[in-house]
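Text of work.csv, listed as CSV, C-alpha atoms:
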```
chain,number,residue,atom,x,y,z
A,1,MET,CA,-6.5,-9.6,5.7
A,2,ALA,CA,-8.3,-6.8,7.6
A,3,LEU,CA,-7.0,-4.2,5.3
A,4,HIS,CA,-8.3,-4.1,1.7
A,5,THR,CA,-7.5,-0.9,-0.2
A,6,LEU,CA,-5.0,1.9,-0.6
A,7,SER,CA,-7.9,4.4,-1.1
A,8,ARG,CA,-6.4,7.9,-1.2
A,9,VAL,CA,-3.2,9.9,-1.2
A,10,THR,CA,-2.8,13.6,-0.1
A,11,ILE,CA,0.3,15.4,-1.5
A,12,GLY,CA,1.5,18.8,-0.4
A,13,VAL,CA,3.0,20.9,-3.2
A,14,PRO,CA,4.0,24.6,-3.3
A,15,ASN,CA,2.4,25.1,-6.8
A,16,VAL,CA,-1.1,23.5,-6.7
A,17,ALA,CA,-2.5,25.0,-9.9
A,18,GLU,CA,0.5,24.0,-12.0
A,19,THR,CA,0.7,20.5,-10.5
A,20,ALA,CA,-3.0,20.0,-10.9
A,21,ALA,CA,-2.7,20.7,-14.6
A,22,PHE,CA,-0.2,17.9,-14.9
A,23,TYR,CA,-2.7,15.4,-13.3
A,24,ASP,CA,-5.4,16.7,-15.7
A,25,ASP,CA,-3.1,15.7,-18.6
A,26,PHE,CA,-2.2,12.4,-16.8
A,27,GLY,CA,-5.8,11.3,-17.1
A,28,LEU,CA,-7.3,11.8,-13.7
A,29,THR,CA,-10.7,13.5,-13.3
A,30,ARG,CA,-11.2,16.6,-11.1
A,31,THR,CA,-13.9,16.3,-8.4
A,32,ALA,CA,-15.7,18.7,-6.2
A,33,GLY,CA,-13.4,17.8,-3.4
A,34,THR,CA,-15.7,18.0,-0.4
A,35,ARG,CA,-14.3,15.0,1.6
A,36,SER,CA,-11.5,16.9,3.4
A,37,GLY,CA,-13.4,20.1,3.8
A,38,ARG,CA,-10.6,22.2,2.4
A,39,THR,CA,-11.3,25.0,0.0
A,40,ASP,CA,-7.7,25.5,-1.2
A,41,SER,CA,-7.0,22.0,-2.5
A,42,VAL,CA,-7.7,20.2,-5.8
A,43,THR,CA,-8.9,16.7,-5.9
A,44,PHE,CA,-9.0,14.0,-8.5
A,45,ALA,CA,-10.8,10.7,-9.2
A,46,THR,CA,-9.8,7.5,-11.0
A,47,VAL,CA,-12.2,5.4,-13.1
A,48,ASP,CA,-12.8,2.7,-10.5
A,49,GLY,CA,-11.4,4.1,-7.2
A,50,GLY,CA,-13.4,7.4,-6.9
A,51,GLU,CA,-11.6,10.3,-5.4
A,52,GLN,CA,-8.1,9.2,-4.8
A,53,LEU,CA,-5.8,12.2,-5.0
A,54,GLU,CA,-5.8,15.5,-3.2
A,55,LEU,CA,-3.2,18.2,-3.8
A,56,VAL,CA,-2.9,20.7,-1.0
A,57,PRO,CA,-0.7,23.9,-0.8
A,58,VAL,CA,2.4,23.8,1.5
A,59,PRO,CA,5.2,26.3,1.8
A,60,GLY,CA,8.7,25.2,0.9
A,61,ARG,CA,9.3,21.6,-0.1
A,62,ARG,CA,6.9,19.1,-1.6
A,63,ARG,CA,5.9,16.2,0.7
A,64,LEU,CA,3.5,13.4,1.2
A,65,ILE,CA,0.9,14.5,3.7
A,66,GLY,CA,-1.1,11.4,4.2
A,67,ILE,CA,-2.6,8.2,2.8
A,68,ASP,CA,-5.9,6.5,3.5
A,69,VAL,CA,-6.2,2.7,3.9
A,70,GLY,CA,-9.6,0.9,3.8
A,71,VAL,CA,-10.8,-1.7,6.3
A,72,ASP,CA,-14.1,-3.6,6.5
A,73,ASP,CA,-15.4,-2.8,10.0
A,74,THR,CA,-14.8,-1.2,13.3
A,75,ASP,CA,-13.4,-4.4,14.8
A,76,ASP,CA,-10.4,-3.9,12.4
A,77,LEU,CA,-9.9,-0.4,13.9
A,78,ASP,CA,-9.9,-1.8,17.4
A,79,ARG,CA,-7.3,-4.3,16.5
A,80,ILE,CA,-5.1,-1.8,14.8
A,81,ALA,CA,-5.4,0.7,17.7
A,82,HIS,CA,-4.2,-2.1,20.1
A,83,ASN,CA,-1.3,-3.0,17.8
A,84,LEU,CA,-0.2,0.6,17.5
A,85,HIS,CA,-0.4,1.0,21.3
A,86,THR,CA,1.9,-2.0,21.7
A,87,LEU,CA,4.4,-0.2,19.5
A,88,GLY,CA,4.2,2.9,21.7
A,89,LEU,CA,2.2,4.9,19.1
A,90,MET,CA,-1.0,6.7,20.0
A,91,SER,CA,-3.8,7.0,17.4
A,92,THR,CA,-6.8,9.3,17.2
A,93,ARG,CA,-10.1,7.4,16.8
A,94,THR,CA,-13.6,8.2,15.6
A,95,ASP,CA,-16.6,5.9,14.9
A,96,THR,CA,-15.4,5.2,11.4
A,97,ASP,CA,-11.7,5.9,11.2
A,98,LEU,CA,-8.3,5.9,13.0
A,99,SER,CA,-5.4,8.3,12.4
A,100,VAL,CA,-1.8,7.8,13.3
A,101,THR,CA,1.5,9.3,12.1
A,102,ASP,CA,4.5,7.1,11.2
A,103,PRO,CA,7.6,8.9,12.7
A,104,GLY,CA,10.0,7.5,10.1
A,105,THR,CA,8.1,8.9,7.1
A,106,ASP,CA,6.2,11.7,8.8
A,107,VAL,CA,3.1,10.5,6.9
A,108,LEU,CA,-0.4,10.6,8.5
A,109,VAL,CA,-2.1,7.3,7.8
A,110,ARG,CA,-5.9,7.3,8.1
A,111,VAL,CA,-7.5,3.9,8.4
A,112,VAL,CA,-11.1,4.1,7.3
A,113,VAL,CA,-14.1,1.8,7.3
A,114,THR,CA,-15.0,1.9,3.6
A,115,SER,CA,-16.3,-0.3,0.8
A,116,ARG,CA,-13.9,-2.3,-1.4
A,117,ILE,CA,-13.1,-1.1,-4.9
A,118,VAL,CA,-14.9,-3.2,-7.5
A,119,GLN,CA,-13.3,-3.0,-10.9
A,120,THR,CA,-15.0,-3.7,-14.2
A,121,PRO,CA,-12.8,-6.4,-15.8
A,122,PHE,CA,-10.7,-5.4,-18.7
A,123,VAL,CA,-11.2,-7.6,-21.8
A,124,VAL,CA,-7.7,-8.6,-22.8
A,125,PRO,CA,-7.2,-8.1,-26.6
A,126,ALA,CA,-6.3,-10.9,-28.9
A,127,TYR,CA,-2.6,-11.2,-29.5
A,128,ASN,CA,-0.9,-13.1,-32.3
A,129,SER,CA,2.0,-15.2,-31.2
A,130,PRO,CA,4.2,-17.9,-32.8
A,131,GLY,CA,1.9,-20.8,-33.9
A,132,ASN,CA,-1.2,-19.0,-32.6
A,133,ILE,CA,-3.1,-16.6,-34.9
A,134,ALA,CA,-5.7,-15.2,-32.4
A,135,ARG,CA,-6.3,-12.0,-34.5
A,136,ASP,CA,-6.9,-12.8,-38.2
A,137,ALA,CA,-7.3,-10.0,-40.7
A,138,THR,CA,-7.9,-7.5,-37.9
A,139,ARG,CA,-5.6,-4.6,-36.8
A,140,ALA,CA,-4.3,-4.8,-33.2
A,141,ASP,CA,-6.7,-3.3,-30.6
A,142,GLY,CA,-3.9,-1.1,-29.2
A,143,ILE,CA,-3.4,0.9,-32.4
A,144,GLU,CA,-7.1,1.5,-32.9
A,145,ARG,CA,-7.6,3.3,-29.5
A,146,THR,CA,-8.3,7.0,-29.7
A,147,GLY,CA,-9.7,8.0,-26.3
A,148,ARG,CA,-7.7,9.5,-23.5
A,149,VAL,CA,-5.9,7.2,-21.1
A,150,ARG,CA,-7.7,7.1,-17.8
A,151,PRO,CA,-6.1,5.5,-14.8
A,152,ARG,CA,-8.3,2.8,-13.2
A,153,LYS,CA,-7.1,3.2,-9.6
A,154,LEU,CA,-4.3,4.3,-7.3
A,155,GLY,CA,-1.9,1.4,-7.0
A,156,HIS,CA,0.9,2.3,-4.6
A,157,VAL,CA,3.1,5.0,-3.1
A,158,VAL,CA,6.9,4.8,-2.5
A,159,ILE,CA,8.0,6.8,0.6
A,160,GLY,CA,11.4,7.7,1.9
A,161,SER,CA,11.9,7.0,5.6
A,162,THR,CA,14.7,8.2,7.8
A,163,ASP,CA,14.2,5.1,9.9
A,164,GLN,CA,13.2,2.3,7.4
A,165,PRO,CA,13.1,-0.6,9.9
A,166,ALA,CA,10.8,1.4,12.2
A,167,SER,CA,8.6,2.4,9.4
A,168,GLU,CA,8.4,-1.2,8.2
A,169,ARG,CA,7.3,-2.3,11.7
A,170,PHE,CA,4.8,0.5,11.8
A,171,PHE,CA,3.1,-0.7,8.6
A,172,THR,CA,3.3,-4.4,9.3
A,173,GLU,CA,3.1,-4.9,13.1
A,174,GLY,CA,1.0,-1.7,13.7
A,175,LEU,CA,-1.4,-1.5,10.7
A,176,GLY,CA,-1.3,-5.1,9.4
A,177,PHE,CA,0.4,-4.7,6.0
A,178,LYS,CA,2.1,-7.8,4.7
A,179,VAL,CA,5.6,-7.9,3.2
A,180,SER,CA,5.7,-9.2,-0.4
A,181,ASP,CA,9.4,-8.8,-1.1
A,182,ARG,CA,12.4,-6.9,0.4
A,183,ILE,CA,15.7,-5.3,-0.7
A,184,PRO,CA,17.6,-6.0,2.5
A,185,GLY,CA,18.7,-2.8,4.4
A,186,LEU,CA,17.0,-0.6,1.9
A,187,ALA,CA,13.3,-1.2,1.2
A,188,ALA,CA,10.2,-3.3,1.8
A,189,PHE,CA,7.4,-3.9,-0.6
A,190,MET,CA,4.2,-4.1,1.5
A,191,ARG,CA,0.6,-4.8,0.6
A,192,CYS,CA,-2.8,-4.0,2.1
A,193,SER,CA,-4.7,-5.6,-0.7
A,194,THR,CA,-4.2,-8.4,-3.2
A,195,ASP,CA,-1.8,-6.2,-5.2
A,196,HIS,CA,1.9,-7.1,-4.8
A,197,HIS,CA,2.6,-3.8,-3.1
A,198,ASN,CA,0.6,-0.7,-2.0
A,199,VAL,CA,3.3,0.9,0.0
A,200,LEU,CA,7.1,0.7,-0.5
A,201,VAL,CA,9.1,2.2,2.3
A,202,GLN,CA,12.8,2.8,1.4
A,203,ALA,CA,15.7,4.2,3.4
A,204,ALA,CA,16.3,7.9,2.6
A,205,PRO,CA,18.2,10.8,4.1
A,206,VAL,CA,14.9,12.8,4.3
A,207,THR,CA,11.2,12.0,4.5
A,208,MET,CA,9.8,12.3,1.0
A,209,LEU,CA,7.4,11.0,-1.6
A,210,HIS,CA,9.3,9.2,-4.3
A,211,HIS,CA,6.3,8.4,-6.5
A,212,SER,CA,2.7,7.5,-6.7
A,213,SER,CA,1.6,4.7,-9.1
A,214,TRP,CA,-1.6,4.5,-11.1
A,215,GLN,CA,-3.0,1.4,-12.8
A,216,VAL,CA,-4.1,1.4,-16.5
A,217,ASP,CA,-5.5,-1.4,-18.5
A,218,ASP,CA,-2.4,-2.7,-20.3
A,219,VAL,CA,1.0,-1.8,-21.7
A,220,ASP,CA,-0.5,-0.1,-24.7
A,221,GLU,CA,-2.3,2.3,-22.3
A,222,ILE,CA,1.1,3.0,-20.6
A,223,GLY,CA,2.7,3.8,-24.0
A,224,ARG,CA,-0.3,5.9,-25.2
A,225,GLY,CA,-0.5,7.8,-21.9
A,226,ALA,CA,3.2,8.6,-21.7
A,227,THR,CA,3.4,9.5,-25.3
A,228,ALA,CA,0.6,12.1,-24.9
A,229,MET,CA,2.3,13.5,-21.8
A,230,LEU,CA,5.6,13.8,-23.5
A,231,GLU,CA,4.2,15.4,-26.6
A,232,LYS,CA,3.0,18.2,-24.5
A,233,ASP,CA,6.2,18.5,-22.4
A,234,PRO,CA,9.2,16.2,-23.1
A,235,ASP,CA,10.8,17.3,-19.8
A,236,ARG,CA,8.2,15.2,-18.0
A,237,HIS,CA,10.1,12.0,-18.9
A,238,ILE,CA,11.9,10.2,-16.1
A,239,TRP,CA,12.2,6.4,-16.9
A,240,GLY,CA,10.5,4.0,-19.2
A,241,LEU,CA,9.2,2.0,-20.9
A,242,GLY,CA,10.3,-1.1,-19.0
A,243,ARG,CA,9.2,-4.0,-16.8
A,244,HIS,CA,10.0,-4.2,-13.1
A,245,HIS,CA,11.4,-7.5,-11.8
A,246,VAL,CA,10.0,-7.2,-8.3
A,247,GLY,CA,6.2,-6.9,-8.8
A,248,SER,CA,6.6,-7.8,-12.5
A,249,ASN,CA,4.7,-4.7,-13.8
A,250,PHE,CA,5.2,-2.7,-16.9
A,251,PHE,CA,6.1,0.9,-16.1
A,252,TRP,CA,6.7,4.5,-17.3
A,253,TYR,CA,7.6,7.3,-14.9
A,254,LEU,CA,6.9,11.0,-15.4
A,255,LYS,CA,7.6,14.0,-13.2
A,256,ASP,CA,5.0,16.5,-12.1
A,257,PRO,CA,5.9,20.2,-11.7
A,258,ALA,CA,6.5,19.9,-8.0
A,259,GLY,CA,9.1,17.2,-8.5
A,260,ASN,CA,7.0,14.1,-7.6
A,261,PHE,CA,7.2,11.1,-9.9
A,262,SER,CA,4.0,9.5,-11.2
A,263,GLU,CA,3.9,6.0,-12.7
A,264,TYR,CA,1.6,4.4,-15.2
A,265,TYR,CA,1.6,0.7,-14.5
A,266,SER,CA,-0.1,-2.5,-15.7
A,267,ASP,CA,0.2,-6.3,-15.1
A,268,LEU,CA,1.3,-6.1,-11.5
A,269,ASP,CA,1.7,-9.4,-9.5
A,270,CYS,CA,-1.3,-10.2,-7.4
A,271,ILE,CA,-1.5,-12.3,-4.2
A,272,VAL,CA,-4.9,-13.6,-3.4
A,273,ASP,CA,-3.8,-16.6,-1.3
A,274,ASP,CA,-1.0,-15.6,1.1
A,275,GLN,CA,-0.1,-19.3,1.5
A,276,LEU,CA,1.0,-19.5,-2.2
A,277,TRP,CA,3.4,-16.6,-2.0
A,278,THR,CA,6.9,-16.6,-0.6
A,279,PRO,CA,8.6,-13.2,0.0
A,280,ARG,CA,12.2,-13.0,-1.3
A,281,ASP,CA,15.2,-10.8,-0.7
A,282,TRP,CA,16.6,-9.0,-3.8
A,283,GLU,CA,19.9,-7.4,-4.5
A,284,GLY,CA,21.2,-4.8,-7.0
A,285,ALA,CA,19.7,-3.7,-10.3
A,286,ARG,CA,17.7,-6.9,-10.7
A,287,ALA,CA,15.3,-5.6,-8.1
A,288,LEU,CA,14.6,-2.5,-10.1
A,289,PHE,CA,14.0,-3.8,-13.6
A,290,ASN,CA,13.9,-6.9,-15.7
A,291,TRP,CA,14.2,-5.1,-19.1
A,292,GLY,CA,14.2,-1.6,-20.4
A,293,PRO,CA,16.6,1.3,-20.1
A,294,PRO,CA,18.6,1.5,-16.9
A,295,PRO,CA,17.2,3.9,-14.3
A,296,PRO,CA,18.6,7.4,-14.6
A,297,PRO,CA,20.5,9.0,-11.7
A,298,SER,CA,17.5,11.3,-11.2
A,299,PHE,CA,15.3,8.4,-10.5
A,300,LEU,CA,17.5,7.0,-7.8
A,301,ALA,CA,18.2,10.4,-6.3
A,302,PRO,CA,15.7,13.0,-7.3
A,303,GLU,CA,17.2,16.3,-8.5
A,304,ASP,CA,15.6,18.3,-5.7
A,305,LEU,CA,17.0,15.9,-3.0
A,306,ALA,CA,19.5,18.5,-1.7
A,307,GLY,CA,16.7,21.1,-1.4
A,308,LEU,CA,14.4,18.6,0.4
A,309,MET,CA,17.2,17.8,2.9
A,310,ALA,CA,17.7,21.6,3.4
A,311,GLY,CA,14.0,22.0,4.0
A,312,THR,CA,13.3,23.9,0.8
A,313,HIS,CA,12.1,23.0,-2.7
A,314,GLY,CA,14.2,23.6,-5.7
```

Mind turning this structure into structure tokens?
Amino acid sequence: MALHTLSRVTIGVPNVAETAAFYDDFGLTRTAGTRSGRTDSVTFATVDGGEQLELVPVPGRRRLIGIDVGVDDTDDLDRIAHNLHTLGLMSTRTDTDLSVTDPGTDVLVRVVVTSRIVQTPFVVPAYNSPGNIARDATRADGIERTGRVRPRKLGHVVIGSTDQPASERFFTEGLGFKVSDRIPGLAAFMRCSTDHHNVLVQAAPVTMLHHSSWQVDDVDEIGRGATAMLEKDPDRHIWGLGRHHVGSNFFWYLKDPAGNFSEYYSDLDCIVDDQLWTPRDWEGARALFNWGPPPPPSFLAPEDLAGLMAGTHG
């Protein structure tokens, strides 16, 4: 695969300072933010991925401004530019990157020659199970942790498209993403790395960011992170704790002050060898979750959806 990383997401919000405080609490680390050259934005880094989130001010409604996708070399950029041209889409090219907008989501995708993310392996704690005492006379690792939860990397974004089939073609035929699974007529789970999905494009009445997702070490970190967030503001809760069926990951969703959802996740399916994975079509609630509380109406249709459709926030 020429693509290797979902490296960055830029989100436009009408309330940058307030939204930035949410991501401080979420466990991201503020950076100097010199990459984009803006002086009115706030940027954040993950533990392993470096600077991966930028919040920029926009009037009116919140929206996803852009995402960055990593490739290994300029040959990859040449190939992508050719594929986009075949789809009738023009891109802007420099020596080290290529930029193009998906008409269905109105998201600017920047394909960048950059290094791959290298993650320090997480040492899986010992778990006791029936017939297997792996942890004798020792308290569980998860309850002994006291430090703040820190997301390891940006995992994926879920984007609403007013032309889902065209957006799926844009990401697959144009950029080179691969489809891992589908919900026919509604959504495609697509990857640009070994993760099960890095971009999910779903049919929507308006272009929108549904959520961004951030990897943590394990399900205990999901629970600890969400608990700390809700102790500060219970209204941040959206959905969780649960386990998705498609992708298999544990999850907990929270809402930032602009109305975007942010997910802590762990234990996502990975696809190292494409030959060993067969995409499937999924229907109904099984596609959303395997266990946990059912998704609330506000997850399926965000409360500000009418405002987004009208071109205003709130």

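With atom CA of A:Ser180 on one side and atom CA of A:Asp273 on the other, the separation reads 12.1 Å.
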
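Minimum atom-to-atom distances from A:His196, A:Leu230, A:Leu209, A:Ala310 to A:Arg62 were compared using only C-alpha atoms, and the lowest value belongs to A:Leu209.
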
Tell me which protein, DNA and RNA residues are within 9 Å of A:His237, counting all atoms listed in the file, leaving out same-chain ones fewer than 2 positions away, and put them as a ChimeraX atom specification. /A:226,229-230,233-235,239-240,252-255

Pick from A:Ala301, A:Ala203, A:Val216, A:Ala140 nearest to A:Ser161, counting all atoms listed in the file: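 For A:Ser161, the nearest of the candidates is A:Ala203.
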
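Counting all atoms listed in the file, the residue from A:Ala137, A:Ala187, A:Ala258, A:Val113 that sits nearest to A:Gly284 is A:Ala187.
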
Excluding A:Pro293 and any residue of its chain fewer than 3 positions from it, enumerate the residues within 10 Å of it, using all atoms listed in the file, and give them as a list in words.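 The neighbour list is Trp239, Gly240, Leu241, Gly242, Arg243, Phe289, Asn290 and Pro296 of chain A.
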
Using only C-alpha atoms, find all polymer residues with an atom at most 10 Å away from the point (10.1, -16.6, 2.5); report them as a count of residues only. 8

Atom CA of A:Val201 and atom CA of A:Leu308 are how many Å apart? 17.3 Å

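Distances from A:His85, A:Arg236, A:Arg286, A:His244 to A:Asp267 were compared using all atoms listed in the file, and the smallest one belongs to A:His244.
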
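Checking A:Pro121, A:Gly223, A:Tyr265, A:His210 one by one against A:Pro302, counting all atoms listed in the file, you find the shortest gap at A:His210.
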
Name the closest residue to A:Lys178 among the candidates A:Asp97, A:Asp274, A:Leu53, A:Met90; distances are taken between atoms, counting only C-alpha atoms.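 Comparing A:Asp97, A:Asp274, A:Leu53, A:Met90 against A:Lys178, the winner is A:Asp274.
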
note - atom CA of A:His82 and atom CA of A:Val199 are separated by 21.7 Å

Tell me which protein, DNA and RNA residues are within 10 Å of A:Gly185, counting all atoms listed in the file, leaving out same-chain ones fewer than 5 positions away, and put them as a CSV table (one decimal) with C-alpha atoms, in the frame of the given file.
```
chain,number,residue,atom,x,y,z
A,164,GLN,CA,13.2,2.3,7.4
A,165,PRO,CA,13.1,-0.6,9.9
A,202,GLN,CA,12.8,2.8,1.4
A,203,ALA,CA,15.7,4.2,3.4
```

Surrounding residues of stretch 31-48 of chain A excluding itself and chain neighbours under 5 positions, 6 Å, only C-alpha atoms, as a ChimeraX atom specification: /A:53-56,119,151-153

Please, which residues are within 6 Å of (-12.4, 7.3, 10.3) by the file's coordinates, counting only C-alpha atoms, and could they come as a ChimeraX atom specification? /A:94,96-98,112

Could the residues in this selection be saved with C-alpha atoms as a short mmCIF file (atom, residue, chain, number, x, y, z; two decimals), in the coordinates of the input?
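This is the output file part_7.cif:
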```
data_model
loop_
_atom_site.label_atom_id
_atom_site.label_comp_id
_atom_site.auth_asym_id
_atom_site.auth_seq_id
_atom_site.Cartn_x
_atom_site.Cartn_y
_atom_site.Cartn_z
CA THR A 94 -13.60 8.20 15.60
CA THR A 96 -15.40 5.20 11.40
CA ASP A 97 -11.70 5.90 11.20
CA LEU A 98 -8.30 5.90 13.00
CA VAL A 112 -11.10 4.10 7.30
#
```

Residues at most 12 Å from stretch 173-176 of chain A, counting all atoms listed in the file, excluding those fewer than 6 positions away in the same chain, as a CSV table (one decimal) with C-alpha atoms, in the coordinates of the input?
```csv
chain,number,residue,atom,x,y,z
A,1,MET,CA,-6.5,-9.6,5.7
A,2,ALA,CA,-8.3,-6.8,7.6
A,3,LEU,CA,-7.0,-4.2,5.3
A,4,HIS,CA,-8.3,-4.1,1.7
A,68,ASP,CA,-5.9,6.5,3.5
A,69,VAL,CA,-6.2,2.7,3.9
A,70,GLY,CA,-9.6,0.9,3.8
A,71,VAL,CA,-10.8,-1.7,6.3
A,76,ASP,CA,-10.4,-3.9,12.4
A,77,LEU,CA,-9.9,-0.4,13.9
A,78,ASP,CA,-9.9,-1.8,17.4
A,79,ARG,CA,-7.3,-4.3,16.5
A,80,ILE,CA,-5.1,-1.8,14.8
A,81,ALA,CA,-5.4,0.7,17.7
A,82,HIS,CA,-4.2,-2.1,20.1
A,83,ASN,CA,-1.3,-3.0,17.8
A,84,LEU,CA,-0.2,0.6,17.5
A,85,HIS,CA,-0.4,1.0,21.3
A,86,THR,CA,1.9,-2.0,21.7
A,87,LEU,CA,4.4,-0.2,19.5
A,88,GLY,CA,4.2,2.9,21.7
A,89,LEU,CA,2.2,4.9,19.1
A,90,MET,CA,-1.0,6.7,20.0
A,91,SER,CA,-3.8,7.0,17.4
A,98,LEU,CA,-8.3,5.9,13.0
A,99,SER,CA,-5.4,8.3,12.4
A,100,VAL,CA,-1.8,7.8,13.3
A,101,THR,CA,1.5,9.3,12.1
A,102,ASP,CA,4.5,7.1,11.2
A,109,VAL,CA,-2.1,7.3,7.8
A,110,ARG,CA,-5.9,7.3,8.1
A,111,VAL,CA,-7.5,3.9,8.4
A,112,VAL,CA,-11.1,4.1,7.3
A,165,PRO,CA,13.1,-0.6,9.9
A,166,ALA,CA,10.8,1.4,12.2
A,167,SER,CA,8.6,2.4,9.4
A,190,MET,CA,4.2,-4.1,1.5
A,191,ARG,CA,0.6,-4.8,0.6
A,192,CYS,CA,-2.8,-4.0,2.1
A,193,SER,CA,-4.7,-5.6,-0.7
A,199,VAL,CA,3.3,0.9,0.0
```

Only N, CA and C atoms, please: stretch 64-81 of chain A from the block, as an mmCIF file, in the first residue's frame.
```cif
data_model
loop_
_atom_site.group_PDB
_atom_site.id
_atom_site.type_symbol
_atom_site.label_atom_id
_atom_site.label_comp_id
_atom_site.auth_asym_id
_atom_site.auth_seq_id
_atom_site.Cartn_x
_atom_site.Cartn_y
_atom_site.Cartn_z
ATOM 1 N N LEU A 64 -15.293 19.778 9.219
ATOM 2 C CA LEU A 64 -13.970 19.217 9.003
ATOM 3 C C LEU A 64 -13.317 19.960 7.855
ATOM 4 N N ILE A 65 -12.196 20.609 8.137
ATOM 5 C CA ILE A 65 -11.488 21.380 7.111
ATOM 6 C C ILE A 65 -10.644 20.463 6.242
ATOM 7 N N GLY A 66 -9.850 19.614 6.868
ATOM 8 C CA GLY A 66 -8.965 18.778 6.075
ATOM 9 C C GLY A 66 -8.357 17.646 6.862
ATOM 10 N N ILE A 67 -7.793 16.688 6.113
ATOM 11 C CA ILE A 67 -7.027 15.602 6.707
ATOM 12 C C ILE A 67 -5.729 15.446 5.926
ATOM 13 N N ASP A 68 -4.701 14.982 6.613
ATOM 14 C CA ASP A 68 -3.425 14.670 5.984
ATOM 15 C C ASP A 68 -3.226 13.161 5.969
ATOM 16 N N VAL A 69 -2.752 12.659 4.843
ATOM 17 C CA VAL A 69 -2.481 11.235 4.678
ATOM 18 C C VAL A 69 -1.024 11.079 4.266
ATOM 19 N N GLY A 70 -0.305 10.153 4.906
ATOM 20 C CA GLY A 70 1.108 9.987 4.631
ATOM 21 C C GLY A 70 1.399 8.961 3.552
ATOM 22 N N VAL A 71 2.407 9.248 2.717
ATOM 23 C CA VAL A 71 2.930 8.297 1.729
ATOM 24 C C VAL A 71 4.442 8.260 1.865
ATOM 25 N N ASP A 72 5.063 7.270 1.194
ATOM 26 C CA ASP A 72 6.501 7.066 1.346
ATOM 27 C C ASP A 72 7.354 7.971 0.464
ATOM 28 N N ASP A 73 6.932 8.213 -0.800
ATOM 29 C CA ASP A 73 7.801 8.959 -1.704
ATOM 30 C C ASP A 73 6.992 9.675 -2.784
ATOM 31 N N THR A 74 7.701 10.437 -3.599
ATOM 32 C CA THR A 74 7.031 11.247 -4.621
ATOM 33 C C THR A 74 6.421 10.405 -5.733
ATOM 34 N N ASP A 75 6.912 9.180 -5.942
ATOM 35 C CA ASP A 75 6.281 8.303 -6.924
ATOM 36 C C ASP A 75 4.817 8.041 -6.550
ATOM 37 N N ASP A 76 4.568 7.951 -5.244
ATOM 38 C CA ASP A 76 3.193 7.766 -4.776
ATOM 39 C C ASP A 76 2.338 8.974 -5.134
ATOM 40 N N LEU A 77 2.908 10.168 -5.002
ATOM 41 C CA LEU A 77 2.178 11.383 -5.358
ATOM 42 C C LEU A 77 1.861 11.408 -6.853
ATOM 43 N N ASP A 78 2.807 11.005 -7.668
ATOM 44 C CA ASP A 78 2.582 10.970 -9.121
ATOM 45 C C ASP A 78 1.430 10.035 -9.467
ATOM 46 N N ARG A 79 1.426 8.874 -8.851
ATOM 47 C CA ARG A 79 0.398 7.878 -9.136
ATOM 48 C C ARG A 79 -0.986 8.387 -8.700
ATOM 49 N N ILE A 80 -1.038 9.015 -7.541
ATOM 50 C CA ILE A 80 -2.313 9.528 -7.039
ATOM 51 C C ILE A 80 -2.810 10.666 -7.923
ATOM 52 N N ALA A 81 -1.917 11.552 -8.335
ATOM 53 C CA ALA A 81 -2.306 12.655 -9.224
ATOM 54 C C ALA A 81 -2.908 12.121 -10.518
#
```
